[in-house]
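Here is the structure we will look at.
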Amino acid sequence: MNVQFALQGDDIYVLEVNPRASRTVPFVSKAIGKPLAKIAARCMAGESLEALQFTEEVKPKFFSVKEAVFPFIKFPGVDVILGPEMKSTGEVMGVGASFAEAFIKSQMGASMILPKKGTAFISVRKEDHEKIVDVAHALKKLGFSLAATKGTAKVLTQNNLDVQYVNKVAEGRPHIVDMIKNDEIDLIVNITEDKQAIKDSYEIRRNALQNKITYYTTLAGAKAACVGMSYADEISVTSLQSLHKNLS
C-alpha cells in the first residue's frame with residue numbers, strides 16, 4: 001500500500017491510499033541494494049523473508065537524496081510554490097559519501113544549479129525570522145552578498161549581517177522583481193504561508209523561474225543548499241554496483 005499523508009502537530013491527515021508501490025520503492029531499492037518489489041512479490045507468493053535472506057535492516061555507509069523534478073518552465077503562469085497536490089513529473093537520485101555530496105548531485109540531476117557566488121535574496125515569514133539567521137550567516141561565509149525585505153533585513157542586521165534592503169513589489173520601484181530582471185540576484189530563499197503573502201510573492205517566484213535563478217521555498221531546502229554549496233568542489237563519481245558491493 002502507498003499512503004500519502006500530512007502531519008500538523010499531533011494530527012495525521014490521510015490524503016490518499018493506493019494499492020500499489022510508490023515511486024519511493026525503486027529509490028530505496030537502489031539505496032540499500034535490495035530488489036524490494038521482487039521481495040514483496042515473492043512474499044505474496046508464500047515465501048518467507050527468512051527464506052529470501054532479508055531479515056535485517058540494511059544500513060548503507062553512503063547517503064542517498066531524492067529530488068523531485070518539476071516542469072514549471074513549460075507552463076506559463078503556473079505558481080512554483082508547492083502544496084499537497086502532485087506537481088512533479090519524476091525524481092532523480094543523488095548518492096555520495098556525505099549528505100552534502102548527495103544533495104549537490106540531486107540538485108544537478110534536477111537541473112537546479114547552485115551558484116558559487118553573487119547576491120542571495122532572503123524573504124521569510126515572521127515566525128522564521130530567527131531561524132533564517134543561520135542560513136544567512138552560512139551564505140555570507142560562502143561569499144554571497146545579502147539582500148532582504150524590510151522585516152527579514154531588520155532581523156539579519158540585528159545579528160551582525162550586512163544586508164541590502166529591497167522593496168517588496170507592493171512597496172514601489174525599484175523592487176525585488178526589478179532586481180531579478182536586471183540579473184542582480186543569484187539565489188532566492190522565499191518562504192511564505194498565508195494566502196495574501198503567497199499571492200504577493202508570486203511574481204518573485206515566477207520571474208526567478210523565467211530567469212533561471214535557483215530558489216528555495218522552505219527553510220529545510222535552504223539549509224540543505226548551504227550545506228551542499230560548502231562541498232560543491234568535492235564531488236566524485238561512483239557506480240551503484242561498486243556501492244552495493246560494500247553493503248554485503
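Here's how to read the names in the C-alpha cells: chain A, B, ... by the order shown, residue numbers from 1 in each chain, ligand numbers from 1 in the order shown.
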
- Got a sec: who's within 10 Å of segment 111-122 of chain A, counting only C-alpha atoms, leaving out chain neighbours fewer than 5 positions off, as a count of residues only? 49

- Message: as a ChimeraX atom specification, please: every residue in segment 31-197 of chain A that a backbone DSSP assignment puts in strand (DSSP E).
- Response: /A:63-69,90-96,118-124,144-148,163-165,187-191

- Item | Distance of atom CA of Lys34 of chain A from atom CA of Leu247 of chain A, expressed in Å to one decimal place |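 We find that atom CA of Leu247 of chain A and atom CA of Lys34 of chain A lie 9.8 Å from each other.
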
- Find the residue from A:Arg125, A:Lys66, A:Lys30, A:His175 that sits nearest to Met108 of chain A; use only C-alpha atoms when measuring. A:Lys66

- Contact residues around Leu243 of chain A with only C-alpha atoms at 9 Å, ignoring same-chain residues under 3 positions, as a PyMOL selection string: chain A and resi 31+33+60-62+238-240+246-247

- Query: as a PyMOL selection string, which residues of segment 80-154 of chain A does DSSP assign to alpha helix (DSSP H)?
  - Reply: chain A and resi 99-109+132-141+150-154

Produce a file of the selected residues containing N, CA and C atoms, as a compact mmCIF listing (two decimals), in the first residue's frame.
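The new file out.txt reads:
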```txt
# COMPACT_ATOMS: atom_id res chain seq x y z
N PHE A 99 26.23 13.75 3.10
CA PHE A 99 24.93 14.31 2.71
C PHE A 99 25.12 15.44 1.71
N ALA A 100 26.14 16.28 1.93
CA ALA A 100 26.38 17.42 1.06
C ALA A 100 26.62 16.98 -0.38
N GLU A 101 27.45 15.96 -0.56
CA GLU A 101 27.74 15.47 -1.91
C GLU A 101 26.48 14.89 -2.56
N ALA A 102 25.72 14.10 -1.80
CA ALA A 102 24.49 13.51 -2.34
C ALA A 102 23.48 14.59 -2.70
N PHE A 103 23.38 15.62 -1.87
CA PHE A 103 22.42 16.69 -2.14
C PHE A 103 22.80 17.47 -3.38
N ILE A 104 24.08 17.83 -3.51
CA ILE A 104 24.54 18.56 -4.69
C ILE A 104 24.23 17.78 -5.96
N LYS A 105 24.50 16.48 -5.95
CA LYS A 105 24.23 15.64 -7.12
C LYS A 105 22.74 15.59 -7.44
N SER A 106 21.89 15.54 -6.41
CA SER A 106 20.45 15.52 -6.64
C SER A 106 19.98 16.82 -7.29
N GLN A 107 20.55 17.94 -6.87
CA GLN A 107 20.19 19.23 -7.46
C GLN A 107 20.65 19.32 -8.91
N MET A 108 21.84 18.83 -9.18
CA MET A 108 22.35 18.83 -10.55
C MET A 108 21.48 17.96 -11.44
N GLY A 109 21.03 16.81 -10.91
CA GLY A 109 20.18 15.91 -11.68
C GLY A 109 18.83 16.52 -12.00
N ILE A 132 16.12 31.87 10.14
CA ILE A 132 16.83 32.11 8.88
C ILE A 132 18.21 32.71 9.12
N VAL A 133 18.49 33.15 10.34
CA VAL A 133 19.77 33.79 10.65
C VAL A 133 20.95 32.86 10.35
N ASP A 134 20.85 31.60 10.74
CA ASP A 134 21.93 30.65 10.49
C ASP A 134 22.16 30.46 8.99
N VAL A 135 21.08 30.42 8.22
CA VAL A 135 21.20 30.28 6.77
C VAL A 135 21.90 31.50 6.19
N ALA A 136 21.52 32.70 6.67
CA ALA A 136 22.14 33.94 6.18
C ALA A 136 23.64 33.97 6.50
N HIS A 137 24.01 33.55 7.72
CA HIS A 137 25.43 33.51 8.08
C HIS A 137 26.18 32.52 7.19
N ALA A 138 25.54 31.38 6.88
CA ALA A 138 26.18 30.37 6.02
C ALA A 138 26.39 30.93 4.61
N LEU A 139 25.39 31.65 4.10
CA LEU A 139 25.51 32.24 2.76
C LEU A 139 26.61 33.30 2.74
N LYS A 140 26.70 34.08 3.82
CA LYS A 140 27.74 35.10 3.91
C LYS A 140 29.12 34.45 3.93
N LYS A 141 29.24 33.36 4.66
CA LYS A 141 30.51 32.63 4.75
C LYS A 141 30.91 32.06 3.40
N LYS A 150 12.08 44.25 4.24
CA LYS A 150 12.19 45.03 5.47
C LYS A 150 12.28 44.19 6.75
N GLY A 151 11.28 43.34 7.02
CA GLY A 151 11.26 42.56 8.26
C GLY A 151 12.44 41.64 8.39
N THR A 152 12.76 40.92 7.30
CA THR A 152 13.88 39.99 7.32
C THR A 152 15.20 40.74 7.44
N ALA A 153 15.33 41.85 6.73
CA ALA A 153 16.56 42.65 6.77
C ALA A 153 16.83 43.17 8.18
N LYS A 154 15.79 43.58 8.88
CA LYS A 154 15.94 44.10 10.24
C LYS A 154 16.53 43.05 11.17
```

- Residue contacts of Pro19 of chain A (10 Å, only C-alpha atoms) excluding same-chain residues fewer than 6 positions away, as a PyMOL selection string: chain A and resi 1-3
